[in-house]
$ cat run_21.pdb   # PDB, C-alpha atoms
ATOM      1  CA  MET A  94      10.511  14.927  15.989
ATOM      2  CA  THR A  95       9.634  11.757  17.872
ATOM      3  CA  ARG A  96       8.068  12.384  21.279
ATOM      4  CA  MET A  97       8.675  10.071  24.200
ATOM      5  CA  ARG A  98       5.530   8.113  24.965
ATOM      6  CA  THR A  99       4.964   8.186  28.706
ATOM      7  CA  GLU A 100       1.541   6.579  28.965
ATOM      8  CA  SER A 101       0.969   3.616  31.235
ATOM      9  CA  LEU A 102       2.872   0.462  30.408
ATOM     10  CA  GLY A 103       0.245  -1.711  32.045
ATOM     11  CA  GLY A 104      -0.481  -4.855  30.067
ATOM     12  CA  ALA A 105       2.737  -4.758  28.058
ATOM     13  CA  ARG A 106       4.652  -8.031  27.786
ATOM     14  CA  ALA A 107       8.348  -8.358  28.551
ATOM     15  CA  LEU A 108      10.760 -11.249  28.211
ATOM     16  CA  VAL A 109      13.983 -11.460  30.197
ATOM     17  CA  LEU A 110      16.669 -13.461  28.400
ATOM     18  CA  HIS A 111      18.917 -14.351  31.316
ATOM     19  CA  ARG A 112      20.144 -17.539  32.883
ATOM     20  CA  PRO A 113      18.178 -18.441  36.040
ATOM     21  CA  HIS A 114      19.684 -16.340  38.822
ATOM     22  CA  PRO A 115      18.399 -14.637  41.985
ATOM     23  CA  ALA A 116      19.752 -11.328  40.629
ATOM     24  CA  THR A 117      16.921 -11.156  38.068
ATOM     25  CA  GLN A 118      14.160 -11.372  40.671
ATOM     26  CA  PRO A 119      14.204  -7.635  41.567
ATOM     27  CA  LEU A 120      13.786  -6.853  37.863
ATOM     28  CA  LEU A 121      10.858  -9.228  37.461
ATOM     29  CA  ARG A 122       9.196  -7.894  40.620
ATOM     30  CA  GLN A 123       9.565  -4.292  39.456
ATOM     31  CA  LEU A 124       8.190  -5.105  36.028
ATOM     32  CA  HIS A 125       5.130  -6.632  37.670
ATOM     33  CA  VAL A 126       4.753  -3.553  39.906
ATOM     34  CA  ILE A 127       4.823  -1.313  36.828
ATOM     35  CA  GLY A 128       2.112  -3.482  35.303
ATOM     36  CA  LEU A 129       3.954  -5.594  32.765
ATOM     37  CA  GLU A 130       3.526  -9.289  32.186
ATOM     38  CA  ALA A 131       7.098 -10.515  32.531
ATOM     39  CA  ARG A 132       8.766 -13.896  32.410
ATOM     40  CA  GLU A 133      12.236 -15.316  32.005
ATOM     41  CA  ALA A 134      13.544 -17.228  29.003
ATOM     42  CA  TRP A 135      16.727 -19.303  28.753
ATOM     43  CA  PRO A 136      18.701 -20.568  26.902
ATOM     44  CA  GLU A 137      16.941 -18.865  23.992
ATOM     45  CA  LEU A 138      13.938 -16.718  23.238
ATOM     46  CA  PRO A 139      10.820 -18.631  22.154
ATOM     47  CA  ALA A 140       9.381 -18.047  18.684
ATOM     48  CA  GLU A 141       6.534 -15.996  20.154
ATOM     49  CA  ALA A 142       9.110 -13.492  21.421
ATOM     50  CA  VAL A 143       8.543 -11.524  18.200
ATOM     51  CA  THR A 144       5.210 -10.368  19.641
ATOM     52  CA  ALA A 145       6.669  -9.160  22.959
ATOM     53  CA  ASP A 146       6.672  -5.447  23.758
ATOM     54  CA  PHE A 147      10.106  -5.434  25.420
ATOM     55  CA  VAL A 148      13.081  -7.760  25.673
ATOM     56  CA  PHE A 149      15.721  -7.573  28.392
ATOM     57  CA  TYR A 150      18.866  -9.565  27.601
ATOM     58  CA  ASP A 151      22.010 -10.577  29.418
ATOM     59  CA  ALA A 152      24.846  -8.689  27.744
ATOM     60  CA  ASP A 153      27.414 -10.833  29.587
ATOM     61  CA  MET A 154      26.343 -14.334  28.551
ATOM     62  CA  ALA A 155      23.888 -14.085  25.642
ATOM     63  CA  HIS A 156      24.813 -14.602  21.979
ATOM     64  CA  ASP A 157      23.309 -14.109  18.508
ATOM     65  CA  GLY A 158      21.882 -17.612  18.240
ATOM     66  CA  GLN A 159      19.492 -17.031  21.138
ATOM     67  CA  PHE A 160      17.460 -14.464  19.210
ATOM     68  CA  PRO A 161      14.926 -15.251  16.451
ATOM     69  CA  TRP A 162      16.011 -12.156  14.481
ATOM     70  CA  ALA A 163      19.225 -10.736  13.069
ATOM     71  CA  PRO A 164      21.439  -8.419  15.155
ATOM     72  CA  GLY A 165      20.054  -4.905  15.153
ATOM     73  CA  ALA A 166      16.710  -5.991  13.655
ATOM     74  CA  SER A 167      14.585  -6.532  16.762
ATOM     75  CA  PRO A 168      10.850  -5.868  16.305
ATOM     76  CA  MET A 169      10.620  -4.329  19.784
ATOM     77  CA  PRO A 170      12.696  -2.220  22.205
ATOM     78  CA  MET A 171      15.687  -4.080  23.655
ATOM     79  CA  ILE A 172      17.268  -3.399  27.047
ATOM     80  CA  ALA A 173      20.749  -4.737  27.792
ATOM     81  CA  LEU A 174      21.540  -6.041  31.285
ATOM     82  CA  ILE A 175      25.211  -5.176  31.684
ATOM     83  CA  GLY A 176      27.520  -6.547  34.332
ATOM     84  CA  SER A 177      30.848  -6.729  32.528
ATOM     85  CA  GLU A 178      32.416  -3.708  30.866
ATOM     86  CA  ALA A 179      34.668  -5.821  28.673
ATOM     87  CA  PRO A 180      34.884  -4.008  25.313
ATOM     88  CA  GLY A 181      33.950  -7.099  23.342
ATOM     89  CA  ARG A 182      30.766  -7.723  25.327
ATOM     90  CA  LEU A 183      29.755  -4.054  25.219
ATOM     91  CA  ARG A 184      30.342  -3.989  21.460
ATOM     92  CA  TRP A 185      28.180  -7.096  21.035
ATOM     93  CA  ALA A 186      25.424  -5.609  23.204
ATOM     94  CA  MET A 187      25.330  -2.484  21.034
ATOM     95  CA  THR A 188      25.444  -4.487  17.797
ATOM     96  CA  MET A 189      22.540  -6.606  19.002
ATOM     97  CA  GLY A 190      20.510  -3.423  19.215
ATOM     98  CA  ALA A 191      20.369  -2.100  22.788
ATOM     99  CA  HIS A 192      17.893   0.768  23.021
ATOM    100  CA  ALA A 193      18.613   1.217  26.739
ATOM    101  CA  GLN A 194      20.634  -0.460  29.455
ATOM    102  CA  LEU A 195      20.508  -1.444  33.094
ATOM    103  CA  LEU A 196      23.569  -2.187  35.176
ATOM    104  CA  LYS A 197      23.702  -5.426  37.154
ATOM    105  CA  PRO A 198      22.863  -6.172  39.851
ATOM    106  CA  VAL A 199      19.484  -4.732  38.898
ATOM    107  CA  SER A 200      17.429  -3.058  41.575
ATOM    108  CA  GLY A 201      13.897  -1.724  41.338
ATOM    109  CA  SER A 202      15.043   1.810  40.594
ATOM    110  CA  GLY A 203      15.647   2.783  37.002
ATOM    111  CA  VAL A 204      13.521   0.073  35.414
ATOM    112  CA  TYR A 205      10.613   2.348  34.473
ATOM    113  CA  ALA A 206      13.002   4.956  33.044
ATOM    114  CA  ALA A 207      14.817   2.274  31.047
ATOM    115  CA  LEU A 208      11.513   1.102  29.562
ATOM    116  CA  LEU A 209      10.566   4.619  28.455
ATOM    117  CA  VAL A 210      14.025   5.402  27.067
ATOM    118  CA  ALA A 211      14.154   2.095  25.196
ATOM    119  CA  ARG A 212      10.749   2.638  23.640
ATOM    120  CA  SER A 213      11.628   6.223  22.660
ATOM    121  CA  ASN A 214      14.919   5.164  21.044
ATOM    122  CA  PHE A 215      13.170   2.284  19.280
ATOM    123  CA  ASP A 216      10.548   4.678  17.877
ATOM    124  CA  ARG A 217      13.321   6.994  16.679
ATOM    125  CA  THR A 218      15.067   4.097  14.968
ATOM    126  CA  ILE A 219      11.886   3.056  13.154
ATOM    127  CA  GLU A 220      11.201   6.651  12.133
ATOM    128  CA  ALA A 221      14.751   7.124  10.835
ATOM    129  CA  SER A 222      14.559   3.847   8.900
ATOM    130  CA  ALA A 223      11.297   4.971   7.279
ATOM    131  CA  ARG A 224      12.870   8.293   6.285
ATOM    132  CA  ILE A 225      15.884   6.546   4.766
ATOM    133  CA  THR A 226      13.633   4.169   2.818
ATOM    134  CA  ASP A 227      11.606   7.111   1.499
ATOM    135  CA  LEU A 228      14.764   9.007   0.483
ATOM    136  CA  GLU A 229      16.123   5.932  -1.297
ATOM    137  CA  ARG A 230      12.808   5.513  -3.120
ATOM    138  CA  ARG A 231      12.775   9.162  -4.195
ATOM    139  CA  LEU A 232      16.419   9.005  -5.297
ATOM    140  CA  SER A 233      15.723   5.877  -7.325
ATOM    141  CA  ALA A 234      12.679   7.565  -8.925
ATOM    142  CA  ARG A 235      14.778  10.591  -9.892
ATOM    143  CA  GLN A 236      17.405   8.387 -11.457
ATOM    144  CA  THR A 237      14.711   6.606 -13.451
ATOM    145  CA  ILE A 238      13.350   9.965 -14.663
ATOM    146  CA  VAL A 239      16.841  10.957 -15.814
ATOM    147  CA  GLN A 240      17.135   7.651 -17.690
ATOM    148  CA  ALA A 241      13.746   8.203 -19.350
ATOM    149  CA  VAL A 242      14.686  11.740 -20.374
ATOM    150  CA  MET A 243      17.957  10.457 -21.847
ATOM    151  CA  ILE A 244      16.003   7.988 -23.996
ATOM    152  CA  PHE A 245      14.351  10.946 -25.758
ATOM    153  CA  VAL A 246      17.582  12.975 -25.830
ATOM    154  CA  LEU A 247      19.304  10.151 -27.692
ATOM    155  CA  ARG A 248      16.529  10.417 -30.269
ATOM    156  CA  GLY A 249      17.309  14.046 -30.973
ATOM    157  CA  LYS A 250      15.240  15.892 -28.373
ATOM    158  CA  SER A 251      16.687  18.608 -26.169
ATOM    159  CA  GLN A 252      16.579  17.998 -22.418
ATOM    160  CA  SER A 253      13.666  20.405 -21.964
ATOM    161  CA  GLU A 254      11.789  18.841 -24.875
ATOM    162  CA  ALA A 255      12.489  15.379 -23.521
ATOM    163  CA  TYR A 256      11.146  16.280 -20.086
ATOM    164  CA  GLU A 257       8.009  17.847 -21.582
ATOM    165  CA  LEU A 258       7.505  14.730 -23.680
ATOM    166  CA  LEU A 259       7.823  12.620 -20.538
ATOM    167  CA  ARG A 260       5.197  14.798 -18.809
ATOM    168  CA  HIS A 261       2.915  14.508 -21.828
ATOM    169  CA  THR A 262       3.356  10.742 -21.830
ATOM    170  CA  ALA A 263       2.524  10.522 -18.127
ATOM    171  CA  THR A 264      -0.618  12.607 -18.666
ATOM    172  CA  ALA A 265      -1.689  10.479 -21.628
ATOM    173  CA  TRP A 266      -1.157   7.289 -19.626
ATOM    174  CA  ARG A 267      -2.817   8.824 -16.549
ATOM    175  CA  VAL A 268       0.080   7.939 -14.291
ATOM    176  CA  THR A 269       2.715   9.873 -12.390
ATOM    177  CA  ILE A 270       5.915  10.999 -14.074
ATOM    178  CA  GLU A 271       7.802   8.440 -12.001
ATOM    179  CA  GLU A 272       5.553   5.607 -13.175
ATOM    180  CA  ALA A 273       5.763   6.755 -16.793
ATOM    181  CA  ALA A 274       9.556   6.878 -16.527
ATOM    182  CA  GLU A 275       9.642   3.336 -15.144
ATOM    183  CA  ARG A 276       7.518   2.070 -18.048
ATOM    184  CA  LEU A 277       9.631   3.846 -20.636
ATOM    185  CA  VAL A 278      12.910   2.621 -19.191
ATOM    186  CA  ALA A 279      11.550  -0.929 -18.965
ATOM    187  CA  SER A 280      10.238  -0.874 -22.533
ATOM    188  CA  HIS A 281      13.467   0.663 -23.813
ATOM    189  CA  SER A 282      15.410  -2.286 -22.457
ATOM    190  CA  SER A 283      13.163  -4.798 -24.246
ATOM    191  CA  GLU A 284      12.030  -2.990 -27.401
ATOM    192  CA  SER A 285      13.788  -1.274 -30.281
ATOM    193  CA  PRO A 286      13.943   2.562 -30.196
ATOM    194  CA  ALA A 287      11.587   2.744 -33.161
ATOM    195  CA  ASP A 288       8.959   0.584 -31.489
ATOM    196  CA  ASP A 289       9.231   2.570 -28.245
ATOM    197  CA  SER A 290       8.922   5.915 -30.080
ATOM    198  CA  LYS A 291       5.886   4.679 -31.956
ATOM    199  CA  ARG A 292       4.281   3.578 -28.667
ATOM    200  CA  VAL A 293       4.806   7.025 -27.119
ATOM    201  CA  ASP A 294       3.518   8.876 -30.193
ATOM    202  CA  GLN A 295       0.354   6.791 -30.245
ATOM    203  CA  SER A 296      -0.374   7.458 -26.548
TER     204      SER A 296
END

$ encode --input "run_21.pdb" --output "structure tokens"
Amino acid sequence: MTRMRTESLGGARALVLHRPHPATQPLLRQLHVIGLEAREAWPELPAEAVTADFVFYDADMAHDGQFPWAPGASPMPMIALIGSEAPGRLRWAMTMGAHAQLLKPVSGSGVYAALLVARSNFDRTIEASARITDLERRLSARQTIVQAVMIFVLRGKSQSEAYELLRHTATAWRVTIEEAAERLVASHSSESPADDSKRVDQS
């Protein structure tokens, strides 16, 4: 389980993607009070925005082209500044990847909480993405093992014999079963069954 990091935010860098407006000044002042280095950006985020620790963005006026990354793929926590509750704008704000939100006009209260919530949700998103990637990798490896076993089954081995032969091959090659399966499947697609069988027997 991901724990919310509540340590000091001092020294973190934040960008505020919002058209110049007096309404953003309370936000900038509060960010400075908390200890962040904050500045505004408009009409688009600069290239160095990818190294920022937080990005606040105007959910009412901003659009995809102002961000140097794809929707939902921000490399940092994103906080939406919401004034309009029009369904289309709210849907865009969520698609862009809001990890927290602040309602406009923004006051000093709630900014620190929004920063912590955004960072916690961002961490959860990264953690979930890593888990999904690992599950996809493991699923792919299992499928490759099944394919390797079937290569031996088609040559007259039983499933148990085929799996034992795969284990023996992996041991002989000093690799994992998954790696051995990948090699066998790759060689099976480029070599004749006889050549592949000979290669395994010689290992």

$ atom_distance --input "run_21.pdb" --atom1 "CA of Leu208 in chain A" --atom2 "CA of Tyr150 in chain A"
13.1 Å

$ closest_residue --input "run_21.pdb" --among "A:Phe147, A:Ala265, A:Glu257, A:Ala166" --to "Thr218 in chain A" --atoms "all atoms listed in the file"
A:Ala166

$ axis_aligned_box --input "run_21.pdb" --around "range 136-148 of chain A" --padding-each-side "6 Å" --output "AutoDock Vina command-line options"
--center_x 12.0 --center_y -13.0 --center_z 22.6 --size_x 25.5 --size_y 27.1 --size_z 20.7

$ residues_around --input "run_21.pdb" --residues "Glu272 in chain A" --least-positions-apart "3" --cutoff "10 Å" --atoms "all atoms listed in the file" --output "list in words"
Ala234, Thr237, Ile238, Ala263, Trp266, Arg267, Val268, Thr269, Glu275, Arg276, Leu277 and Val278 of chain A

$ atom_distance --input "run_21.pdb" --atom1 "CA of Ala193 in chain A" --atom2 "CA of Ala207 in chain A"
5.8 Å

$ atom_distance --input "run_21.pdb" --atom1 "CA of Pro136 in chain A" --atom2 "CA of Gly201 in chain A"
24.2 Å

$ closest_residue --input "run_21.pdb" --among "A:Ser200, A:Gln159, A:Thr264, A:Thr226" --to "Gln118 in chain A" --atoms "all atoms listed in the file"
A:Ser200

$ residues_around --input "run_21.pdb" --residues "Ile127 in chain A" --least-positions-apart "6" --cutoff "9 Å" --atoms "all atoms listed in the file" --output "VMD selection string"
chain A and resid 101 to 103 204 to 205

$ closest_residue --input "run_21.pdb" --among "A:Glu178, A:Pro139, A:Glu271, A:Met187" --to "Gln236 in chain A" --atoms "all atoms listed in the file"
A:Glu271

$ closest_atom_pairs --input "run_21.pdb" --of "range 139-173 of chain A" --to "range 180-185 of chain A" --cutoff "12 Å" --atoms "only C-alpha atoms" --output "JSON lines"
{"residue": "A:Tyr150", "atom": "CA", "partner": "A:Trp185", "partner_atom": "CA", "distance": 11.7}
{"residue": "A:Asp151", "atom": "CA", "partner": "A:Arg182", "partner_atom": "CA", "distance": 10.1}
{"residue": "A:Ala152", "atom": "CA", "partner": "A:Arg182", "partner_atom": "CA", "distance": 6.5}
{"residue": "A:Asp153", "atom": "CA", "partner": "A:Arg182", "partner_atom": "CA", "distance": 6.2}
{"residue": "A:Met154", "atom": "CA", "partner": "A:Arg182", "partner_atom": "CA", "distance": 8.6}
{"residue": "A:Ala155", "atom": "CA", "partner": "A:Arg182", "partner_atom": "CA", "distance": 9.4}
{"residue": "A:His156", "atom": "CA", "partner": "A:Trp185", "partner_atom": "CA", "distance": 8.3}
{"residue": "A:Asp157", "atom": "CA", "partner": "A:Trp185", "partner_atom": "CA", "distance": 8.9}
{"residue": "A:Pro164", "atom": "CA", "partner": "A:Trp185", "partner_atom": "CA", "distance": 9.0}
{"residue": "A:Gly165", "atom": "CA", "partner": "A:Trp185", "partner_atom": "CA", "distance": 10.3}
{"residue": "A:Ala173", "atom": "CA", "partner": "A:Leu183", "partner_atom": "CA", "distance": 9.4}

$ closest_residue --input "run_21.pdb" --among "A:Pro198, A:Gly203, A:Gly128, A:Gly249" --to "Ala105 in chain A" --atoms "all atoms listed in the file"
A:Gly128

$ closest_residue --input "run_21.pdb" --among "A:His111, A:His261, A:Arg230, A:Arg122" --to "Ile172 in chain A" --atoms "all atoms listed in the file"
A:His111

$ closest_residue --input "run_21.pdb" --among "A:Ile225, A:Ala211, A:Ala274, A:Val126" --to "Gln240 in chain A" --atoms "all atoms listed in the file"
A:Ala274

$ resolve_selection --input "run_21.pdb" --expression "the PyMOL selection byres ((chain A and resi 138) around 12)" --output "NGL selection string"
:A and (107-112 or 132-137 or 139-145 or 148-151 or 155-162)

$ resolve_selection --input "run_21.pdb" --expression "the PyMOL selection byres ((chain A and resi 258) around 12)" --output "MDAnalysis selection string"
chainID A and resid 238 241:246 248 250:257 259:265 270 273:274 277 290 293:294 296
